[in-house]
Amino acid sequence: MHKESAVEKKLLHYTGKAIADYNMIQTGDRVMVCLSGGKDSYTLMRILQLLQRRAKNKFELFAFTLDQSQPGWDDSGLREWLKKYSIPHEILKEDTYSIVKAKIPEGNTYCSLCSRLRRGIIYRYAEEKGFNKIALGHHRDDLIRSLLMSIFYNGEIRSMPPKLLSDNKRHILIRPLTYCQEKDIIEYAKEQAYPIIPCTLCGSQENLMRQRVKTLIDQLAKENPKIPSNMLHALTSVKLSQLMDRNRWDFKNLEKQQEMNSKMTDVELEIFGSDLF
């Protein structure tokens, strides 16, 4: 009989809550889990499998791993792990490594092109095999780091939504670990002794923007431990009228709205006011 550890119980709770809050998985779903060989995707796969066993709504799980032909790639441990837990899977080999190395100058960040190529392959595979949900292993800290990175380096307020319809409207991406903290995933990974496959593209480039943002948040969290959770909550509580986006708020015509409101009675404002903006 499987005995849950304290950290496993915590991950199960927060993953289950995220799935429920955002209606990520329904009865009959065919969920393709992107298993990269890192701590996050291993944890996602294992936690989803445990939730699957206790779920009232029955759904299918399948692990998809992309071998990008990176030097030193060894998936023997991954294959044994998949066999141990009887997880249906496929490991597909596509040489995107050579493309990225050829296109991106040495010393520049590979992540953007690498992820774009990988995403295209994942979408194509899911569509060909009939999977209607694609599960990714991004956790709470990924979401809040992405928020700051977007603000600092792209001048946009955006992050990673827990559930997303792809641009071509053909795929739904879900992030069941949205509420999970990286420190818990690290502890669980040590406990589970995952056969980690390192990324020789991202891992070989130091001082990436994401690492700098991570360090900043970690430093702030030492002063105020609530900062990471407050940042996540901020993504769920957007006050558009308090921002500067002219596409979202009609700044040019506020005076007209003010004048119109001044002519309305309190009862009319109460009835119609919420529909005016």
# chains A, B, ... in the order shown; residues from 1 in each chain; ligands from 1
$ closest_atom_pairs --of "segment 164-227 of chain A" --to "segment 43-48 of chain A" --cutoff "8 Å" --atoms "only C-alpha atoms" --output "tab-separated table"
residue	atom	partner	partner_atom	distance
A:Pro176	CA	A:Leu44	CA	7.5
A:Leu177	CA	A:Leu44	CA	6.9
A:Ile185	CA	A:Thr43	CA	6.8
A:Tyr188	CA	A:Thr43	CA	7.5
A:Ala189	CA	A:Thr43	CA	7.0
$ write_last_selection --atoms "N, CA and C atoms" --output "PDB file, in the first residue's frame"
ATOM      1  N   PRO A 176      -1.029  22.026 -13.790  1.00  0.00           N
ATOM      2  CA  PRO A 176      -1.585  21.589 -12.505  1.00  0.00           C
ATOM      3  C   PRO A 176      -0.737  21.956 -11.278  1.00  0.00           C
ATOM      4  N   LEU A 177       0.548  22.258 -11.460  1.00  0.00           N
ATOM      5  CA  LEU A 177       1.414  22.606 -10.329  1.00  0.00           C
ATOM      6  C   LEU A 177       1.401  24.104 -10.021  1.00  0.00           C
ATOM      7  N   ILE A 185       8.803  20.868  -4.388  1.00  0.00           N
ATOM      8  CA  ILE A 185       9.123  19.974  -5.506  1.00  0.00           C
ATOM      9  C   ILE A 185      10.557  19.467  -5.382  1.00  0.00           C
ATOM     10  N   TYR A 188      10.585  16.847  -2.710  1.00  0.00           N
ATOM     11  CA  TYR A 188       9.936  15.627  -3.205  1.00  0.00           C
ATOM     12  C   TYR A 188      10.842  14.896  -4.198  1.00  0.00           C
ATOM     13  N   ALA A 189      11.551  15.666  -5.026  1.00  0.00           N
ATOM     14  CA  ALA A 189      12.458  15.062  -6.004  1.00  0.00           C
ATOM     15  C   ALA A 189      13.579  14.292  -5.308  1.00  0.00           C
TER      16      ALA A 189
END
$ closest_atom_pairs --of "segment 16-58 of chain A" --to "segment 123-135 of chain A" --cutoff "6 Å" --atoms "only C-alpha atoms" --output "CSV"
residue,atom,partner,partner_atom,distance
A:Arg30,CA,A:Phe131,CA,4.9
A:Val31,CA,A:Lys133,CA,4.7
A:Met32,CA,A:Ile134,CA,4.9
A:Val33,CA,A:Ala135,CA,4.7
$ write_last_selection --atoms "all heavy atoms" --output "compact mmCIF listing (two decimals), in the first residue's frame"
# COMPACT_ATOMS: atom_id res chain seq x y z
N ARG A 30 -7.99 13.01 -22.41
CA ARG A 30 -6.75 12.30 -22.71
C ARG A 30 -5.63 13.31 -22.49
O ARG A 30 -5.42 14.22 -23.30
CB ARG A 30 -6.75 11.76 -24.14
CG ARG A 30 -7.90 10.80 -24.44
CD ARG A 30 -7.70 10.12 -25.80
NE ARG A 30 -6.58 9.20 -25.77
CZ ARG A 30 -5.62 9.14 -26.70
NH1 ARG A 30 -5.64 9.99 -27.73
NH2 ARG A 30 -4.63 8.28 -26.60
N VAL A 31 -4.92 13.15 -21.38
CA VAL A 31 -3.93 14.15 -20.95
C VAL A 31 -2.52 13.69 -21.30
O VAL A 31 -2.07 12.63 -20.84
CB VAL A 31 -4.03 14.40 -19.43
CG1 VAL A 31 -3.03 15.47 -19.00
CG2 VAL A 31 -5.45 14.80 -19.05
N MET A 32 -1.84 14.48 -22.11
CA MET A 32 -0.45 14.19 -22.45
C MET A 32 0.45 15.01 -21.55
O MET A 32 0.45 16.25 -21.60
CB MET A 32 -0.18 14.53 -23.92
CG MET A 32 1.21 14.11 -24.40
SD MET A 32 1.46 14.52 -26.15
CE MET A 32 2.18 16.16 -26.01
N VAL A 33 1.22 14.36 -20.71
CA VAL A 33 2.13 15.04 -19.79
C VAL A 33 3.50 15.17 -20.45
O VAL A 33 4.09 14.18 -20.89
CB VAL A 33 2.27 14.25 -18.46
CG1 VAL A 33 3.24 14.97 -17.51
CG2 VAL A 33 0.91 14.07 -17.81
$ closest_residue --among "A:Gly155, A:Glu191, A:Asn224, A:Ala20" --to "Glu4 of chain A" --atoms "only C-alpha atoms"
A:Glu191
$ residues_around --residues "Thr236 of chain A" --least-positions-apart "2" --cutoff "12 Å" --atoms "only C-alpha atoms" --output "ChimeraX atom specification"
/A:21-22,143-144,158-162,178-179,229-234,238-240
$ write_last_selection --atoms "N, CA and C atoms" --output "short mmCIF file (atom, residue, chain, number, x, y, z; two decimals), in the first residue's frame"
data_model
loop_
_atom_site.label_atom_id
_atom_site.label_comp_id
_atom_site.auth_asym_id
_atom_site.auth_seq_id
_atom_site.Cartn_x
_atom_site.Cartn_y
_atom_site.Cartn_z
N ASP A 21 -9.98 24.40 -9.19
CA ASP A 21 -10.22 25.84 -9.34
C ASP A 21 -10.33 26.26 -10.80
N TYR A 22 -9.51 25.64 -11.65
CA TYR A 22 -9.48 26.04 -13.06
C TYR A 22 -10.07 24.99 -14.00
N LEU A 143 5.62 30.93 -12.42
CA LEU A 143 4.62 31.93 -12.78
C LEU A 143 5.02 33.33 -12.32
N ILE A 144 5.49 33.44 -11.08
CA ILE A 144 5.81 34.78 -10.57
C ILE A 144 7.12 35.30 -11.16
N ARG A 158 2.29 40.10 -17.98
CA ARG A 158 1.81 38.79 -18.41
C ARG A 158 2.60 37.70 -17.70
N SER A 159 2.07 36.48 -17.72
CA SER A 159 2.76 35.36 -17.09
C SER A 159 2.32 34.07 -17.77
N MET A 160 2.17 33.00 -16.99
CA MET A 160 1.75 31.70 -17.51
C MET A 160 0.39 31.35 -16.90
N PRO A 161 -0.68 31.36 -17.67
CA PRO A 161 -1.99 31.01 -17.09
C PRO A 161 -2.08 29.53 -16.74
N PRO A 162 -2.86 29.19 -15.73
CA PRO A 162 -3.02 27.78 -15.34
C PRO A 162 -3.65 26.93 -16.44
N THR A 178 0.44 24.83 -10.56
CA THR A 178 0.36 26.28 -10.42
C THR A 178 0.49 26.76 -8.98
N TYR A 179 -0.10 26.04 -8.03
CA TYR A 179 -0.08 26.45 -6.63
C TYR A 179 1.11 25.87 -5.86
N SER A 229 3.79 34.46 -2.47
CA SER A 229 2.35 34.14 -2.52
C SER A 229 1.54 35.37 -2.88
N ASN A 230 1.99 36.55 -2.43
CA ASN A 230 1.29 37.79 -2.81
C ASN A 230 1.39 38.03 -4.32
N MET A 231 2.55 37.71 -4.89
CA MET A 231 2.72 37.88 -6.33
C MET A 231 1.80 36.94 -7.10
N LEU A 232 1.68 35.70 -6.63
CA LEU A 232 0.77 34.77 -7.29
C LEU A 232 -0.66 35.26 -7.18
N HIS A 233 -1.03 35.75 -6.00
CA HIS A 233 -2.39 36.27 -5.82
C HIS A 233 -2.65 37.46 -6.73
N ALA A 234 -1.62 38.28 -6.96
CA ALA A 234 -1.77 39.45 -7.83
C ALA A 234 -2.19 39.04 -9.23
N VAL A 238 -6.51 41.29 -10.83
CA VAL A 238 -6.05 42.37 -11.70
C VAL A 238 -7.06 43.52 -11.67
N LYS A 239 -6.61 44.70 -11.30
CA LYS A 239 -7.46 45.89 -11.26
C LYS A 239 -7.16 46.74 -12.51
N LEU A 240 -7.88 46.46 -13.57
CA LEU A 240 -7.59 47.10 -14.86
C LEU A 240 -7.74 48.62 -14.79
#
$ select_by_dssp --residues "segment 45-250 of chain A" --states "helix (DSSP H, G or I)" --output "MDAnalysis selection string"
chainID A and resid 45:54 76:84 96:103 111:129 140:154 182:192 202:204 209:223 227:234 240:242
$ write_last_selection --atoms "C-alpha atoms" --output "mmCIF file, in the first residue's frame"
data_model
loop_
_atom_site.group_PDB
_atom_site.id
_atom_site.type_symbol
_atom_site.label_atom_id
_atom_site.label_comp_id
_atom_site.auth_asym_id
_atom_site.auth_seq_id
_atom_site.Cartn_x
_atom_site.Cartn_y
_atom_site.Cartn_z
ATOM 1 C CA MET A 45 3.627 12.981 -13.770
ATOM 2 C CA ARG A 46 3.750 11.195 -10.417
ATOM 3 C CA ILE A 47 1.281 13.473 -8.638
ATOM 4 C CA LEU A 48 -1.193 13.294 -11.517
ATOM 5 C CA GLN A 49 -0.931 9.510 -11.497
ATOM 6 C CA LEU A 50 -1.714 9.421 -7.761
ATOM 7 C CA LEU A 51 -4.658 11.781 -8.256
ATOM 8 C CA GLN A 52 -5.874 9.695 -11.173
ATOM 9 C CA ARG A 53 -6.196 6.660 -8.931
ATOM 10 C CA ARG A 54 -8.496 8.435 -6.494
ATOM 11 C CA SER A 76 17.880 4.862 -19.544
ATOM 12 C CA GLY A 77 16.925 5.933 -16.011
ATOM 13 C CA LEU A 78 13.796 7.637 -17.322
ATOM 14 C CA ARG A 79 12.754 4.486 -19.162
ATOM 15 C CA GLU A 80 13.196 2.412 -16.007
ATOM 16 C CA TRP A 81 11.173 4.925 -14.000
ATOM 17 C CA LEU A 82 8.318 4.847 -16.509
ATOM 18 C CA LYS A 83 8.360 1.066 -16.446
ATOM 19 C CA LYS A 84 8.385 0.995 -12.627
ATOM 20 C CA THR A 96 16.433 20.392 -32.489
ATOM 21 C CA TYR A 97 19.760 20.799 -30.666
ATOM 22 C CA SER A 98 21.712 21.192 -33.902
ATOM 23 C CA ILE A 99 19.215 23.749 -35.204
ATOM 24 C CA VAL A 100 19.436 25.876 -32.064
ATOM 25 C CA LYS A 101 23.247 25.765 -31.995
ATOM 26 C CA ALA A 102 23.409 26.727 -35.673
ATOM 27 C CA LYS A 103 20.922 29.604 -35.420
ATOM 28 C CA CYS A 111 15.657 29.233 -24.580
ATOM 29 C CA SER A 112 13.346 31.124 -26.943
ATOM 30 C CA LEU A 113 14.136 29.196 -30.145
ATOM 31 C CA CYS A 114 14.506 25.902 -28.274
ATOM 32 C CA SER A 115 11.080 26.226 -26.657
ATOM 33 C CA ARG A 116 9.478 27.314 -29.940
ATOM 34 C CA LEU A 117 10.770 24.225 -31.772
ATOM 35 C CA ARG A 118 9.835 21.976 -28.882
ATOM 36 C CA ARG A 119 6.335 23.465 -28.660
ATOM 37 C CA GLY A 120 5.706 22.847 -32.358
ATOM 38 C CA ILE A 121 6.643 19.180 -32.021
ATOM 39 C CA ILE A 122 4.515 18.770 -28.880
ATOM 40 C CA TYR A 123 1.453 20.324 -30.523
ATOM 41 C CA ARG A 124 1.828 18.210 -33.635
ATOM 42 C CA TYR A 125 2.238 14.996 -31.651
ATOM 43 C CA ALA A 126 -0.770 15.734 -29.401
ATOM 44 C CA GLU A 127 -2.960 16.442 -32.411
ATOM 45 C CA GLU A 128 -1.848 13.348 -34.316
ATOM 46 C CA LYS A 129 -2.426 11.085 -31.300
ATOM 47 C CA ARG A 140 4.130 28.796 -8.618
ATOM 48 C CA ASP A 141 7.659 30.178 -8.751
ATOM 49 C CA ASP A 142 7.794 29.848 -12.540
ATOM 50 C CA LEU A 143 4.617 31.930 -12.779
ATOM 51 C CA ILE A 144 5.806 34.781 -10.571
ATOM 52 C CA ARG A 145 9.286 34.856 -12.129
ATOM 53 C CA SER A 146 7.710 35.038 -15.577
ATOM 54 C CA LEU A 147 5.606 37.971 -14.392
ATOM 55 C CA LEU A 148 8.653 39.982 -13.316
ATOM 56 C CA MET A 149 10.658 38.975 -16.378
ATOM 57 C CA SER A 150 7.874 40.185 -18.625
ATOM 58 C CA ILE A 151 7.657 43.506 -16.778
ATOM 59 C CA PHE A 152 11.415 44.075 -16.625
ATOM 60 C CA TYR A 153 12.481 42.866 -20.050
ATOM 61 C CA ASN A 154 9.389 43.027 -22.289
ATOM 62 C CA GLU A 182 9.509 24.898 -6.004
ATOM 63 C CA LYS A 183 11.067 24.145 -2.617
ATOM 64 C CA ASP A 184 8.462 21.415 -2.061
ATOM 65 C CA ILE A 185 9.123 19.974 -5.506
ATOM 66 C CA ILE A 186 12.868 19.947 -4.767
ATOM 67 C CA GLU A 187 12.244 18.111 -1.483
ATOM 68 C CA TYR A 188 9.936 15.627 -3.205
ATOM 69 C CA ALA A 189 12.458 15.062 -6.004
ATOM 70 C CA LYS A 190 15.125 14.157 -3.433
ATOM 71 C CA GLU A 191 12.689 11.893 -1.653
ATOM 72 C CA GLN A 192 11.740 10.137 -4.894
ATOM 73 C CA CYS A 202 20.043 26.078 -20.695
ATOM 74 C CA GLY A 203 22.308 24.673 -17.999
ATOM 75 C CA SER A 204 25.469 25.788 -19.803
ATOM 76 C CA MET A 209 17.455 36.655 -16.892
ATOM 77 C CA ARG A 210 15.362 34.050 -15.097
ATOM 78 C CA GLN A 211 18.143 33.297 -12.617
ATOM 79 C CA ARG A 212 18.569 36.978 -11.826
ATOM 80 C CA VAL A 213 14.851 37.402 -11.246
ATOM 81 C CA LYS A 214 14.810 34.265 -9.080
ATOM 82 C CA THR A 215 17.593 35.696 -6.935
ATOM 83 C CA LEU A 216 15.725 38.990 -6.550
ATOM 84 C CA ILE A 217 12.499 37.309 -5.413
ATOM 85 C CA ASP A 218 14.405 35.015 -3.043
ATOM 86 C CA GLN A 219 16.131 38.003 -1.465
ATOM 87 C CA LEU A 220 12.860 39.863 -1.006
ATOM 88 C CA ALA A 221 11.222 36.741 0.435
ATOM 89 C CA LYS A 222 13.858 36.630 3.156
ATOM 90 C CA GLU A 223 12.601 40.012 4.349
ATOM 91 C CA ILE A 227 5.993 38.147 -1.174
ATOM 92 C CA PRO A 228 5.928 35.063 -3.480
ATOM 93 C CA SER A 229 2.354 34.136 -2.520
ATOM 94 C CA ASN A 230 1.293 37.789 -2.810
ATOM 95 C CA MET A 231 2.723 37.879 -6.329
ATOM 96 C CA LEU A 232 0.770 34.765 -7.293
ATOM 97 C CA HIS A 233 -2.393 36.265 -5.815
ATOM 98 C CA ALA A 234 -1.768 39.446 -7.829
ATOM 99 C CA LEU A 240 -7.592 47.101 -14.857
ATOM 100 C CA SER A 241 -8.922 50.540 -13.935
ATOM 101 C CA GLN A 242 -5.782 51.133 -11.856
#
$ atom_distance --atom1 "atom CA of Ile19 of chain A" --atom2 "atom CA of Ala55 of chain A"
11.4 Å
$ residues_around --residues "Phe64 of chain A" --least-positions-apart "4" --cutoff "8 Å" --atoms "only C-alpha atoms" --output "MDAnalysis selection string"
chainID A and resid 32:35 89:92
$ write_last_selection --atoms "N, CA, C and O atoms" --output "CSV table (one decimal), in the first residue's frame"
chain,number,residue,atom,x,y,z
A,32,MET,N,-1.8,14.5,-22.1
A,32,MET,CA,-0.5,14.2,-22.5
A,32,MET,C,0.5,15.0,-21.5
A,32,MET,O,0.5,16.3,-21.6
A,33,VAL,N,1.2,14.4,-20.7
A,33,VAL,CA,2.1,15.0,-19.8
A,33,VAL,C,3.5,15.2,-20.5
A,33,VAL,O,4.1,14.2,-20.9
A,34,CYS,N,4.0,16.4,-20.5
A,34,CYS,CA,5.3,16.6,-21.1
A,34,CYS,C,6.4,16.3,-20.1
A,34,CYS,O,6.6,17.1,-19.2
A,35,LEU,N,7.0,15.2,-20.2
A,35,LEU,CA,8.0,14.7,-19.3
A,35,LEU,C,9.4,14.9,-19.8
A,35,LEU,O,9.9,14.2,-20.7
A,89,HIS,N,3.8,5.7,-22.5
A,89,HIS,CA,4.7,6.8,-22.9
A,89,HIS,C,5.3,6.6,-24.3
A,89,HIS,O,5.2,5.5,-24.9
A,90,GLU,N,5.9,7.6,-24.7
A,90,GLU,CA,6.7,7.6,-25.9
A,90,GLU,C,7.9,8.6,-25.8
A,90,GLU,O,7.7,9.7,-25.3
A,91,ILE,N,9.0,8.1,-26.2
A,91,ILE,CA,10.2,9.0,-26.2
A,91,ILE,C,10.6,9.2,-27.7
A,91,ILE,O,11.0,8.3,-28.4
A,92,LEU,N,10.3,10.4,-28.1
A,92,LEU,CA,10.5,10.8,-29.6
A,92,LEU,C,11.8,11.5,-29.8
A,92,LEU,O,12.1,12.5,-29.1
$ select_by_dssp --residues "segment 1-230 of chain A" --states "strand (DSSP E)" --output "ChimeraX atom specification"
/A:30-34,60-67,89-93,133-135,163-165,172-174
$ residues_around --residues "Asn23 of chain A" --least-positions-apart "4" --cutoff "12 Å" --atoms "only C-alpha atoms" --output "list in words"
Thr15, Gly16, Lys17, Ala18, Ile19, Thr27, Asp29, Asn57, Lys133, Pro162, Lys163, Leu164, Ile172, Leu173, Ile174, Arg175 and Pro176 of chain A
$ atom_distance --atom1 "atom CA of Asp40 of chain A" --atom2 "atom CA of Tyr85 of chain A"
16.9 Å
